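Student: Please find start-v8.cif (mmCIF, C-alpha atoms and all ligand atoms) on the next line:
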data_query
#
loop_
_atom_site.label_atom_id
_atom_site.label_comp_id
_atom_site.auth_asym_id
_atom_site.auth_seq_id
_atom_site.Cartn_x
_atom_site.Cartn_y
_atom_site.Cartn_z
CA MET A 1 0.00 0.00 0.00
CA ARG A 2 1.30 3.41 -0.86
CA LEU A 3 -0.43 6.15 1.10
CA VAL A 4 1.75 8.89 -0.30
CA ASP A 5 1.56 10.94 -3.48
CA ILE A 6 2.63 9.12 -6.61
CA GLU A 7 4.32 11.50 -9.00
CA THR A 8 4.28 10.44 -12.61
CA ARG A 9 3.00 12.07 -15.79
CA ALA A 10 -0.02 9.76 -15.40
CA ALA A 11 -1.06 11.89 -12.42
CA TRP A 12 -2.55 14.81 -14.33
CA THR A 13 -5.15 17.51 -13.95
CA VAL A 14 -7.16 19.15 -16.73
CA ALA A 15 -4.80 22.14 -16.55
CA ASP A 16 -1.84 19.80 -17.18
CA LEU A 17 -3.51 18.38 -20.29
CA GLU A 18 -4.30 21.81 -21.62
CA GLY A 19 -0.79 23.08 -20.95
CA ASP A 20 1.01 20.21 -22.67
CA THR A 21 -0.76 18.67 -25.64
CA ARG A 22 1.79 15.99 -26.52
CA TRP A 23 -1.02 13.47 -25.99
CA ILE A 24 -2.75 14.70 -29.17
CA GLU A 25 -1.45 13.60 -32.58
CA THR A 26 -2.99 14.65 -35.88
CA LEU A 27 -2.37 12.63 -39.02
CA ASP A 28 -1.41 14.61 -42.09
CA ASP A 29 -2.74 13.97 -45.60
CA ALA A 30 0.14 11.67 -46.52
CA ALA A 31 -0.41 9.45 -43.46
CA ARG A 32 -4.13 9.43 -44.13
CA ARG A 33 -3.54 8.37 -47.72
CA ASP A 34 -1.29 5.52 -46.62
CA LEU A 35 -4.00 4.22 -44.27
CA THR A 36 -6.69 4.47 -46.93
CA ASN A 37 -4.53 2.59 -49.42
CA ALA A 38 -3.59 -0.08 -46.88
CA VAL A 39 -7.22 -0.81 -46.01
CA ARG A 40 -8.50 -0.68 -49.61
CA ALA A 41 -5.76 -3.04 -50.79
CA ALA A 42 -6.50 -5.64 -48.10
CA HIS A 43 -10.27 -5.34 -47.65
CA ASP A 44 -12.15 -8.43 -48.77
CA PRO A 45 -15.77 -8.72 -47.57
CA ALA A 46 -15.49 -12.51 -47.76
CA ARG A 47 -12.82 -12.60 -45.03
CA SER A 48 -13.46 -12.37 -41.31
CA LEU A 49 -11.24 -10.14 -39.15
CA PHE A 50 -9.41 -13.24 -37.90
CA ASP A 51 -8.23 -13.98 -41.45
CA TYR A 52 -6.12 -10.83 -41.67
CA GLN A 53 -2.52 -10.63 -40.55
CA ARG A 54 -0.28 -7.78 -39.56
CA ALA A 55 1.68 -8.05 -42.81
CA ASP A 56 -1.51 -7.40 -44.80
CA PHE A 57 -1.41 -3.74 -43.73
CA ASP A 58 1.46 -1.35 -44.30
CA LEU A 59 0.50 1.64 -42.15
CA GLY A 60 3.16 3.73 -43.87
CA ARG A 61 3.57 7.26 -42.63
CA ALA A 62 0.82 6.82 -40.02
CA TRP A 63 2.93 4.43 -37.97
CA THR A 64 5.29 7.01 -36.43
CA PRO A 65 2.51 9.17 -34.92
CA ILE A 66 0.79 5.99 -33.72
CA THR A 67 3.97 4.91 -31.91
CA ARG A 68 4.15 8.33 -30.24
CA CYS A 69 0.59 7.77 -28.96
CA LEU A 70 1.58 4.31 -27.72
CA ARG A 71 4.49 5.74 -25.76
CA GLU A 72 2.17 8.37 -24.29
CA ILE A 73 -0.34 5.81 -23.02
CA LYS A 74 2.34 3.48 -21.68
CA GLU A 75 4.68 5.98 -20.01
CA GLY A 76 3.02 9.38 -20.24
CA ARG A 77 -0.47 10.64 -19.50
CA GLY A 78 -2.05 7.21 -19.97
CA PHE A 79 -4.23 8.38 -22.79
CA ALA A 80 -3.85 9.82 -26.25
CA LEU A 81 -5.97 11.14 -29.04
CA LEU A 82 -5.09 10.34 -32.62
CA ARG A 83 -6.98 12.64 -34.97
CA GLY A 84 -7.50 12.52 -38.69
CA LEU A 85 -8.09 8.85 -39.50
CA PRO A 86 -9.49 8.65 -43.05
CA ARG A 87 -13.16 8.53 -42.04
CA ASP A 88 -14.59 10.17 -45.15
CA GLY A 89 -12.90 7.99 -47.71
CA LEU A 90 -13.96 4.71 -46.09
CA SER A 91 -17.20 2.77 -45.61
CA SER A 92 -18.06 1.76 -42.05
CA ALA A 93 -16.84 -1.79 -42.79
CA GLU A 94 -13.53 -0.42 -44.08
CA PHE A 95 -13.24 1.89 -41.08
CA GLU A 96 -13.84 -1.08 -38.79
CA LEU A 97 -11.09 -2.96 -40.64
CA LEU A 98 -8.79 0.05 -40.24
CA THR A 99 -9.33 -0.13 -36.47
CA TRP A 100 -8.49 -3.84 -36.54
CA ALA A 101 -5.43 -3.23 -38.77
CA ILE A 102 -3.97 -0.68 -36.36
CA GLY A 103 -4.61 -3.18 -33.54
CA LEU A 104 -2.70 -5.91 -35.40
CA HIS A 105 0.37 -3.68 -35.21
CA ILE A 106 -0.04 -2.99 -31.48
CA GLY A 107 -0.95 -6.20 -29.68
CA VAL A 108 -3.17 -9.24 -29.36
CA ALA A 109 -6.84 -8.27 -29.46
CA ARG A 110 -8.88 -9.43 -26.46
CA PRO A 111 -12.48 -10.67 -26.43
CA GLN A 112 -15.01 -8.25 -24.97
CA GLY A 113 -18.07 -10.16 -23.84
CA LYS A 114 -20.39 -13.13 -23.90
CA ALA A 115 -20.15 -13.58 -27.69
CA SER A 116 -16.31 -13.54 -27.39
CA GLN A 117 -16.30 -10.67 -29.89
CA TYR A 118 -12.95 -8.97 -30.50
CA LEU A 119 -14.20 -5.76 -32.02
CA SER A 120 -17.40 -4.21 -30.68
CA ALA A 121 -19.50 -1.66 -32.48
CA VAL A 122 -20.34 0.82 -29.75
CA ARG A 123 -23.89 1.91 -30.47
CA ASP A 124 -27.27 2.01 -28.78
CA ALA A 125 -28.76 -1.48 -29.03
CA GLY A 126 -31.45 -0.68 -26.47
CA ILE A 127 -29.63 -2.46 -23.62
CA ALA A 128 -30.45 -1.34 -20.06
CA TYR A 129 -27.14 -0.51 -18.35
CA ARG A 130 -28.02 -0.99 -14.67
CA THR A 131 -29.09 -4.61 -14.78
CA ALA A 132 -27.45 -7.97 -14.09
CA ARG A 133 -26.55 -8.35 -17.78
CA GLY A 134 -26.12 -4.66 -18.63
CA ARG A 135 -23.11 -3.50 -20.67
CA GLY A 136 -22.60 0.21 -21.15
CA TYR A 137 -21.31 0.08 -24.73
CA SER A 138 -24.67 -1.27 -26.01
CA SER A 139 -26.75 1.41 -24.29
CA ALA A 140 -27.41 5.14 -24.68
CA ALA A 141 -27.18 5.73 -20.93
CA GLU A 142 -24.74 7.87 -19.00
CA LEU A 143 -22.00 5.56 -17.75
CA ASP A 144 -20.18 5.44 -14.43
CA PHE A 145 -16.44 6.01 -14.49
CA HIS A 146 -14.83 2.64 -15.08
CA THR A 147 -11.85 0.78 -16.45
CA ASP A 148 -12.17 -1.81 -19.21
CA SER A 149 -10.76 -5.28 -18.55
CA ALA A 150 -7.70 -5.05 -20.77
CA ASP A 151 -4.39 -3.16 -20.84
CA ILE A 152 -5.31 -0.96 -23.80
CA ALA A 153 -8.68 0.21 -25.10
CA LEU A 154 -8.91 1.84 -28.53
CA LEU A 155 -12.06 3.64 -29.58
CA THR A 156 -12.43 4.91 -33.12
CA CYS A 157 -15.23 7.29 -34.01
CA TYR A 158 -17.18 6.80 -37.24
CA ASN A 159 -20.42 8.71 -36.50
CA VAL A 160 -21.38 11.00 -33.65
CA ALA A 161 -24.78 11.18 -31.92
CA LYS A 162 -27.34 13.91 -32.61
CA SER A 163 -26.54 15.27 -29.14
CA GLY A 164 -24.70 14.15 -26.01
CA GLY A 165 -22.31 11.22 -25.92
CA GLU A 166 -19.48 13.35 -24.56
CA SER A 167 -16.46 11.28 -23.61
CA MET A 168 -14.76 11.78 -20.22
CA VAL A 169 -11.39 10.63 -18.90
CA SER A 170 -9.97 10.99 -15.39
CA SER A 171 -6.57 9.96 -14.03
CA SER A 172 -6.81 7.17 -11.47
CA VAL A 173 -3.34 8.11 -10.19
CA THR A 174 -4.52 11.66 -9.47
CA ALA A 175 -7.71 10.30 -7.86
CA HIS A 176 -5.54 8.07 -5.66
CA ASN A 177 -3.33 10.97 -4.63
CA VAL A 178 -6.30 13.21 -3.84
CA MET A 179 -7.98 10.53 -1.77
CA VAL A 180 -4.76 9.77 0.11
CA ARG A 181 -4.47 13.46 0.99
CA GLU A 182 -8.10 14.04 1.89
CA ARG A 183 -9.32 10.72 3.27
CA PRO A 184 -6.39 8.32 3.82
CA ASN A 185 -8.55 5.80 5.68
CA LEU A 186 -10.87 5.46 2.67
CA ALA A 187 -7.93 5.24 0.26
CA ALA A 188 -6.46 2.43 2.36
CA LEU A 189 -9.75 0.54 2.23
CA LEU A 190 -9.65 0.51 -1.58
CA TYR A 191 -6.41 -1.48 -1.46
CA GLN A 192 -8.63 -4.36 -0.19
CA PRO A 193 -10.46 -6.45 -2.79
CA LEU A 194 -13.95 -5.60 -3.96
CA TYR A 195 -16.07 -8.15 -5.81
CA PHE A 196 -16.94 -7.49 -9.46
CA SER A 197 -19.80 -9.19 -11.32
CA ARG A 198 -19.01 -10.79 -14.66
CA GLN A 199 -22.49 -9.71 -15.79
CA ARG A 200 -23.42 -13.34 -16.64
CA GLU A 201 -20.85 -13.37 -19.43
CA GLN A 202 -18.41 -15.75 -17.69
CA ALA A 203 -16.66 -18.55 -19.54
CA PRO A 204 -17.57 -22.11 -18.44
CA ASP A 205 -14.50 -22.31 -16.16
CA GLU A 206 -14.99 -18.91 -14.53
CA ALA A 207 -16.94 -17.90 -11.42
CA PRO A 208 -19.75 -15.33 -11.88
CA PHE A 209 -17.70 -12.75 -9.96
CA TYR A 210 -14.06 -12.04 -9.11
CA PRO A 211 -12.14 -10.10 -6.45
CA ASN A 212 -9.95 -7.13 -7.38
CA PRO A 213 -8.80 -4.14 -5.32
CA VAL A 214 -9.27 -0.63 -6.71
CA TRP A 215 -5.57 0.14 -6.14
CA ASP A 216 -2.48 -2.00 -6.09
CA GLU A 217 1.18 -1.73 -7.02
CA ALA A 218 3.63 -3.64 -9.15
CA GLY A 219 7.17 -2.68 -10.13
CA GLY A 220 6.81 0.70 -8.42
CA LEU A 221 3.75 1.64 -10.51
CA LEU A 222 0.21 2.23 -9.29
CA TYR A 223 -2.55 0.23 -10.96
CA SER A 224 -6.25 0.85 -10.70
CA LYS A 225 -9.43 -1.04 -11.55
CA TRP A 226 -12.93 0.23 -10.94
CA ASN A 227 -16.48 -0.32 -12.16
CA ARG A 228 -19.29 0.64 -9.80
CA ASN A 229 -22.00 -1.04 -11.85
CA ARG A 230 -20.24 -4.42 -11.63
CA VAL A 231 -19.51 -4.08 -7.90
CA ILE A 232 -23.13 -3.22 -7.14
CA GLN A 233 -24.47 -6.04 -9.37
CA ALA A 234 -22.19 -8.53 -7.57
CA GLN A 235 -23.88 -7.69 -4.28
CA ALA A 236 -26.89 -9.80 -5.33
CA MET A 237 -24.69 -12.90 -5.81
CA GLU A 238 -24.31 -15.74 -3.40
CA GLY A 239 -20.84 -15.85 -1.85
CA VAL A 240 -20.11 -12.14 -2.28
CA PRO A 241 -19.56 -10.37 1.06
CA ALA A 242 -21.87 -7.40 1.67
CA LEU A 243 -20.20 -4.02 1.26
CA THR A 244 -19.68 -2.19 4.54
CA PRO A 245 -20.90 1.39 5.03
CA LEU A 246 -17.26 2.52 4.96
CA GLN A 247 -16.68 0.75 1.63
CA HIS A 248 -19.75 2.49 0.21
CA GLU A 249 -18.34 5.77 1.45
CA ALA A 250 -14.99 5.08 -0.21
CA MET A 251 -16.70 4.20 -3.52
CA ASP A 252 -18.81 7.36 -3.40
CA TYR A 253 -15.80 9.47 -2.52
CA LEU A 254 -13.82 8.02 -5.42
CA ASP A 255 -16.60 8.75 -7.91
CA GLU A 256 -16.94 12.26 -6.56
CA ILE A 257 -13.21 12.92 -7.04
CA LEU A 258 -13.26 11.56 -10.59
CA ARG A 259 -15.93 14.07 -11.60
CA ARG A 260 -14.32 17.18 -10.14
CA PRO A 261 -14.16 19.70 -12.99
CA GLU A 262 -10.43 20.31 -12.50
CA LEU A 263 -9.72 16.55 -12.79
CA MET A 264 -12.22 15.28 -15.38
CA TYR A 265 -11.31 15.88 -19.00
CA ALA A 266 -14.40 15.98 -21.23
CA THR A 267 -14.40 16.05 -24.99
CA HIS A 268 -16.58 15.19 -27.96
CA LEU A 269 -14.86 12.63 -30.15
CA ARG A 270 -15.13 13.60 -33.82
CA PRO A 271 -15.46 11.30 -36.81
CA GLY A 272 -11.94 10.09 -37.60
CA ASP A 273 -10.71 10.31 -33.99
CA MET A 274 -9.13 7.41 -32.17
CA GLN A 275 -9.05 7.55 -28.38
CA MET A 276 -6.32 5.37 -26.86
CA LEU A 277 -6.47 4.49 -23.17
CA ASN A 278 -4.21 2.77 -20.68
CA ASN A 279 -6.83 1.25 -18.38
CA HIS A 280 -4.41 0.90 -15.48
CA VAL A 281 -3.96 4.63 -14.95
CA THR A 282 -7.13 6.18 -16.40
CA LEU A 283 -10.86 5.75 -15.97
CA HIS A 284 -13.40 6.70 -18.59
CA SER A 285 -17.04 7.49 -18.93
CA ARG A 286 -19.47 9.18 -21.26
CA THR A 287 -22.68 11.16 -21.02
CA ALA A 288 -26.06 9.89 -22.21
CA PHE A 289 -26.85 10.61 -25.85
CA GLU A 290 -29.75 11.16 -28.16
CA ASP A 291 -29.34 9.50 -31.53
CA HIS A 292 -30.29 10.27 -35.11
CA ASP A 293 -33.36 8.56 -36.61
CA ASP A 294 -31.55 7.67 -39.83
CA PRO A 295 -29.72 4.34 -39.25
CA ALA A 296 -26.87 5.45 -41.52
CA LEU A 297 -26.18 8.44 -39.26
CA LYS A 298 -26.49 6.74 -35.87
CA ARG A 299 -23.68 7.11 -33.36
CA CYS A 300 -21.08 4.49 -34.19
CA LEU A 301 -17.70 3.83 -32.66
CA PHE A 302 -15.51 0.77 -32.81
CA ARG A 303 -13.87 -0.57 -29.69
CA LEU A 304 -10.82 -2.77 -29.56
CA TRP A 305 -9.06 -4.14 -26.47
CA LEU A 306 -5.42 -5.13 -26.71
CA ALA A 307 -2.67 -6.88 -24.79
CA PRO A 308 0.65 -5.30 -25.87
CA PRO A 309 3.97 -7.18 -25.97
CA ASP A 310 6.11 -4.72 -24.03
CA TRP A 311 4.13 -3.66 -20.96
CA PRO A 312 5.23 -4.62 -17.45
CA ALA A 313 3.80 -7.27 -15.14
CA LEU A 314 0.52 -6.45 -13.40
CA PRO A 315 -0.14 -6.73 -9.66
CA ARG A 316 -0.82 -10.31 -8.59
CA SER A 317 -4.27 -9.23 -7.41
CA TRP A 318 -5.21 -8.59 -11.08
CA ARG A 319 -4.97 -12.29 -11.87
CA PRO A 320 -8.66 -13.26 -11.44
CA ALA A 321 -9.68 -10.54 -13.88
CA TYR A 322 -6.76 -10.79 -16.33
CA GLY A 323 -6.05 -14.53 -16.31
CA SER A 324 -2.32 -13.82 -16.44
CA VAL A 325 -0.37 -10.95 -14.93
CA ALA A 326 3.06 -11.71 -16.41
CA ALA A 327 4.68 -9.24 -18.82
CA GLY A 328 4.55 -10.23 -22.48
CA THR A 329 1.59 -12.58 -22.06
CA VAL A 330 -1.81 -12.55 -23.72
CA ARG A 331 -3.87 -11.26 -20.80
CA GLY A 332 -7.12 -9.47 -20.03
CA GLY A 333 -10.38 -9.38 -21.92
CA ILE A 334 -13.72 -11.03 -21.27
CA ILE A 335 -13.31 -14.54 -22.68
CA GLY A 336 -17.06 -15.09 -22.94
CA GLN A 337 -18.94 -18.14 -24.15
CA ALA A 338 -18.03 -18.44 -27.83
CA TYR A 339 -14.26 -18.82 -27.49
CA ASP A 340 -13.51 -21.37 -30.20
CA GLU A 341 -10.72 -22.77 -32.35
CA THR A 342 -10.79 -19.79 -34.74
CA ARG A 343 -10.23 -17.40 -31.86
CA ARG A 344 -7.57 -19.61 -30.29
CA ASN A 345 -5.72 -19.77 -33.63
CA TYR A 346 -5.89 -16.02 -34.12
CA GLU A 347 -4.43 -15.45 -30.65
CA ARG A 348 -1.72 -18.06 -31.12
CA ARG A 349 -0.64 -16.65 -34.48
CA GLN A 350 -0.76 -13.01 -33.40
CA ALA A 351 1.10 -13.75 -30.11
CA ALA A 352 3.83 -15.55 -32.06
CA GLU A 353 4.17 -12.63 -34.48
CA LEU A 354 4.66 -10.22 -31.58
CA GLY A 355 6.90 -12.53 -29.55
CA MET A 356 4.32 -12.93 -26.78
CA ARG A 357 3.42 -15.96 -24.71
CA GLN A 358 0.00 -17.36 -23.92
CA PRO A 359 -0.75 -18.11 -20.28
CA GLY A 360 0.26 -21.65 -19.38
CA SER A 361 2.55 -22.05 -22.38
FE FE B 1 -15.39 1.24 -21.20
#
Let me see the file written as structure tokens.
Tutor:
Amino acid sequence: MRLVDIETRAAWTVADLEGDTRWIETLDDAARRDLTNAVRAAHDPARSLFDYQRADFDLGRAWTPITRCLREIKEGRGFALLRGLPRDGLSSAEFELLTWAIGLHIGVARPQGKASQYLSAVRDAGIAYRTARGRGYSSAAELDFHTDSADIALLTCYNVAKSGGESMVSSSVTAHNVMVRERPNLAALLYQPLYFSRQREQAPDEAPFYPNPVWDEAGGLLYSKWNRNRVIQAQAMEGVPALTPLQHEAMDYLDEILRRPELMYATHLRPGDMQMLNNHVTLHSRTAFEDHDDPALKRCLFRLWLAPPDWPALPRSWRPAYGSVAAGTVRGGIIGQAYDETRRNYERRQAAELGMRQPGS
């Protein structure tokens, strides 16, 4: 437990982000052209995403700015915004493939839910968020601040909503430091495990819930994991200890800190933007939105979760959620209930290409 301030660039305030915009990269026309050409040359509607390989896509002049973003999320602010993806020249299927292609160069994609899907279209599918099966990305609701269950989350924006749908990011390292200063007893409590519901999406060999503390350390770095909706849903499950009043207070205090105007960065993603997040040091959220009536205009983003080859080991307490905590392993994700040979082969091939290991191998 570290009840002192942690000083890294990942501990930022809104003023820090506004004063130093190295976390924003904008692709120029040449880079955009290279991406368009790479996707057009490889796109084949008869192939599934799993059929593509890294070598199918030469990202050309876009790769250098992408690597700067990767460094920023790994060792800098923990999030980055890549602007200027070729949205206008591509169909939504091609734009989805572009998202996947960039992912192939970064890490091993991780499944995201019950259907073991590796790339989710984030749009309103009429799902109720605050229920035992609720998942925020399929709803139009305002979401709690949370981390996704993977090292990296990429979100590319194809269409924006008619109104709302603002995207928010807060630094979990800053939130930790603030809580340590203001309420050290509550901060200490969040180093103890909470129980998170798997929202009935668990794989056959997984329990319906898992323990994970909000804070922990590994290799001198602070890690954070939080999702109020899942912690509250787990309370209805047999075998999950009831939250104490002090734990409730700590959870409420954390959420209150995350939304302080000087700590919460809010922005509207624009078509062609890619938001890149390090889930260990940031939390994210979004406001409710009202959508267009025309299906072709409806809010549409593509979400990809990735395990990168060169990130450090996670805290041991992350193991129930991540499967493996070792560096260079294929870890994280929501394995789900459709994890089959095709998916296993994709992961094996992609891990080998990046020099990564699979847990247990
Ligand atoms: Fe999320």
Student: Please tabulate, as CSV, the residues of chain A that come within 8 Å of ligand FE 1 (chain B), each with its closest pair of atoms and the distance in Å to one decimal, counting only C-alpha atoms and all ligand atoms and ordering rows by chain, then residue number upward.
Tutor:
residue,atom,partner,partner_atom,distance
A:Gly136,CA,B:FE1,FE,7.3
A:Tyr137,CA,B:FE1,FE,7.0
A:His146,CA,B:FE1,FE,6.3
A:Thr147,CA,B:FE1,FE,5.9
A:Asp148,CA,B:FE1,FE,4.9
A:Ala153,CA,B:FE1,FE,7.8
A:His284,CA,B:FE1,FE,6.4
A:Ser285,CA,B:FE1,FE,6.9
Student: Smallest atom-to-atom distance to Ala31 of chain A: which of A:Tyr129, A:Trp63, A:Tyr253, A:Tyr191, using all atoms listed in the file?
Tutor: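 Selected residue with least distance to Ala31 of chain A: A:Trp63.
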Student: One decimal, Å: what's the distance from atom CA of Ile334 of chain A over to atom CA of Leu314 of chain A, could you say?
Tutor: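 These two atoms are separated by 16.9 Å.
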Student: Smallest atom-to-atom distance to Asp16 of chain A: which of A:Ala41, A:Met1, A:Met264, A:Val214, using only C-alpha atoms?
Tutor: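 Using only C-alpha atoms, Asp16 of chain A sits closest to A:Met264.
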Student: For Gln53 of chain A, find every residue with an atom within 10 Å (counting all atoms listed in the file), except residues of its own chain fewer than 6 positions away, and show them as a list in words.
Tutor: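 Near neighbours after the sequence-gap exclusion: Ala42, Trp100, Ala101, Leu104, His105, Tyr346, Arg349, Gln350 and Glu353 of chain A.
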Student: In Å to one decimal, how far is atom CA of Arg198 of chain A from atom CA of Pro111 of chain A?
Tutor: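 Taking atom CA of Pro111 of chain A and atom CA of Arg198 of chain A, their separation equals 13.5 Å.
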Student: Using all atoms listed in the file, which residue out of A:Thr13, A:Leu97, A:Arg87, A:Arg344 lies closest to His43 of chain A?
Tutor: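 That would be A:Leu97, the residue with the smallest distance to His43 of chain A.
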Student: Within 6 Å of segment 229-239 of chain A, counting all atoms listed in the file, which residues qualify if same-chain residues fewer than 2 places away don't, as a ChimeraX atom specification?
Tutor: /A:132,195-197,227
Student: Hey, which of A:Ile24, A:Arg33, A:Leu222, A:Arg135 ends up closest to Arg200 of chain A? Count all atoms listed in the file.
Tutor: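 Looking at the shortest contact to Arg200 of chain A, the residue is A:Arg135.
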Student: Give me the residues near Val14 of chain A as a PDB file with C-alpha atoms, in the frame of the given file, where near means some atom within 9 Å (using all atoms listed in the file) and where sequence neighbours in that chain fewer than 3 positions away do not count.
Tutor:
ATOM      1  CA  LEU A  17      -3.510  18.380 -20.290  1.00  0.00           C
ATOM      2  CA  GLU A  18      -4.300  21.810 -21.620  1.00  0.00           C
ATOM      3  CA  GLY A  19      -0.790  23.080 -20.950  1.00  0.00           C
ATOM      4  CA  SER A 170      -9.970  10.990 -15.390  1.00  0.00           C
ATOM      5  CA  PRO A 261     -14.160  19.700 -12.990  1.00  0.00           C
ATOM      6  CA  GLU A 262     -10.430  20.310 -12.500  1.00  0.00           C
ATOM      7  CA  LEU A 263      -9.720  16.550 -12.790  1.00  0.00           C
ATOM      8  CA  MET A 264     -12.220  15.280 -15.380  1.00  0.00           C
ATOM      9  CA  TYR A 265     -11.310  15.880 -19.000  1.00  0.00           C
TER      10      TYR A 265
END
Student: For a quick check of understanding, using all atoms listed in the file, which of A:Arg348, A:Arg299, A:Lys162, A:His280 has the smallest distance to Ala150 of chain A?
Tutor: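 Once distances to Ala150 of chain A are computed over all atoms listed in the file, the minimum belongs to A:His280.
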Student: Residues around (-3.6, 5.3, -30.3), cut-off 6 Å, counting only C-alpha atoms - what are they as a PyMOL selection string?
Tutor: chain A and resi 66+69-70+82+276
Student: For the selection just defined, write its residues with C-alpha atoms to a file, as an mmCIF file, in the coordinates of the input.
Tutor:
data_model
loop_
_atom_site.group_PDB
_atom_site.id
_atom_site.type_symbol
_atom_site.label_atom_id
_atom_site.label_comp_id
_atom_site.auth_asym_id
_atom_site.auth_seq_id
_atom_site.Cartn_x
_atom_site.Cartn_y
_atom_site.Cartn_z
ATOM 1 C CA ILE A 66 0.790 5.990 -33.720
ATOM 2 C CA CYS A 69 0.590 7.770 -28.960
ATOM 3 C CA LEU A 70 1.580 4.310 -27.720
ATOM 4 C CA LEU A 82 -5.090 10.340 -32.620
ATOM 5 C CA MET A 276 -6.320 5.370 -26.860
#
Student: Starting from the incomplete input, reconstruct N, CA and C atoms of segment 303-317 of chain A and report them as a JSON list (two decimals), keeping the file's coordinate frame.
Tutor:
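out28.json was written with the following content:
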[["chain", "number", "residue", "atom", "x", "y", "z"],
["A", 303, "ARG", "N", -14.70, -0.40, -30.88],
["A", 303, "ARG", "CA", -13.87, -0.57, -29.69],
["A", 303, "ARG", "C", -13.02, -1.82, -29.80],
["A", 304, "LEU", "N", -11.76, -1.65, -29.50],
["A", 304, "LEU", "CA", -10.82, -2.77, -29.56],
["A", 304, "LEU", "C", -10.03, -2.79, -28.27],
["A", 305, "TRP", "N", -9.90, -3.98, -27.67],
["A", 305, "TRP", "CA", -9.06, -4.14, -26.47],
["A", 305, "TRP", "C", -7.82, -4.92, -26.86],
["A", 306, "LEU", "N", -6.69, -4.53, -26.30],
["A", 306, "LEU", "CA", -5.42, -5.13, -26.71],
["A", 306, "LEU", "C", -4.52, -5.46, -25.54],
["A", 307, "ALA", "N", -3.78, -6.56, -25.68],
["A", 307, "ALA", "CA", -2.67, -6.88, -24.79],
["A", 307, "ALA", "C", -1.39, -6.61, -25.58],
["A", 308, "PRO", "N", -0.57, -5.64, -25.13],
["A", 308, "PRO", "CA", 0.65, -5.30, -25.87],
["A", 308, "PRO", "C", 1.83, -6.18, -25.44],
["A", 309, "PRO", "N", 2.85, -6.28, -26.29],
["A", 309, "PRO", "CA", 3.97, -7.18, -25.97],
["A", 309, "PRO", "C", 4.94, -6.64, -24.93],
["A", 310, "ASP", "N", 4.98, -5.31, -24.76],
["A", 310, "ASP", "CA", 6.11, -4.72, -24.03],
["A", 310, "ASP", "C", 5.68, -3.96, -22.77],
["A", 311, "TRP", "N", 4.55, -4.33, -22.20],
["A", 311, "TRP", "CA", 4.13, -3.66, -20.96],
["A", 311, "TRP", "C", 4.54, -4.52, -19.77],
["A", 312, "PRO", "N", 4.72, -3.86, -18.61],
["A", 312, "PRO", "CA", 5.23, -4.62, -17.45],
["A", 312, "PRO", "C", 4.19, -5.56, -16.82],
["A", 313, "ALA", "N", 4.68, -6.36, -15.88],
["A", 313, "ALA", "CA", 3.80, -7.27, -15.14],
["A", 313, "ALA", "C", 2.78, -6.48, -14.33],
["A", 314, "LEU", "N", 1.60, -7.06, -14.18],
["A", 314, "LEU", "CA", 0.52, -6.45, -13.40],
["A", 314, "LEU", "C", 0.62, -6.91, -11.94],
["A", 315, "PRO", "N", -0.08, -6.22, -11.03],
["A", 315, "PRO", "CA", -0.14, -6.73, -9.66],
["A", 315, "PRO", "C", -0.74, -8.14, -9.65],
["A", 316, "ARG", "N", -0.29, -8.94, -8.69],
["A", 316, "ARG", "CA", -0.82, -10.31, -8.59],
["A", 316, "ARG", "C", -2.34, -10.32, -8.39],
["A", 317, "SER", "N", -2.83, -9.28, -7.70],
["A", 317, "SER", "CA", -4.27, -9.23, -7.41],
["A", 317, "SER", "C", -5.12, -9.01, -8.67]]
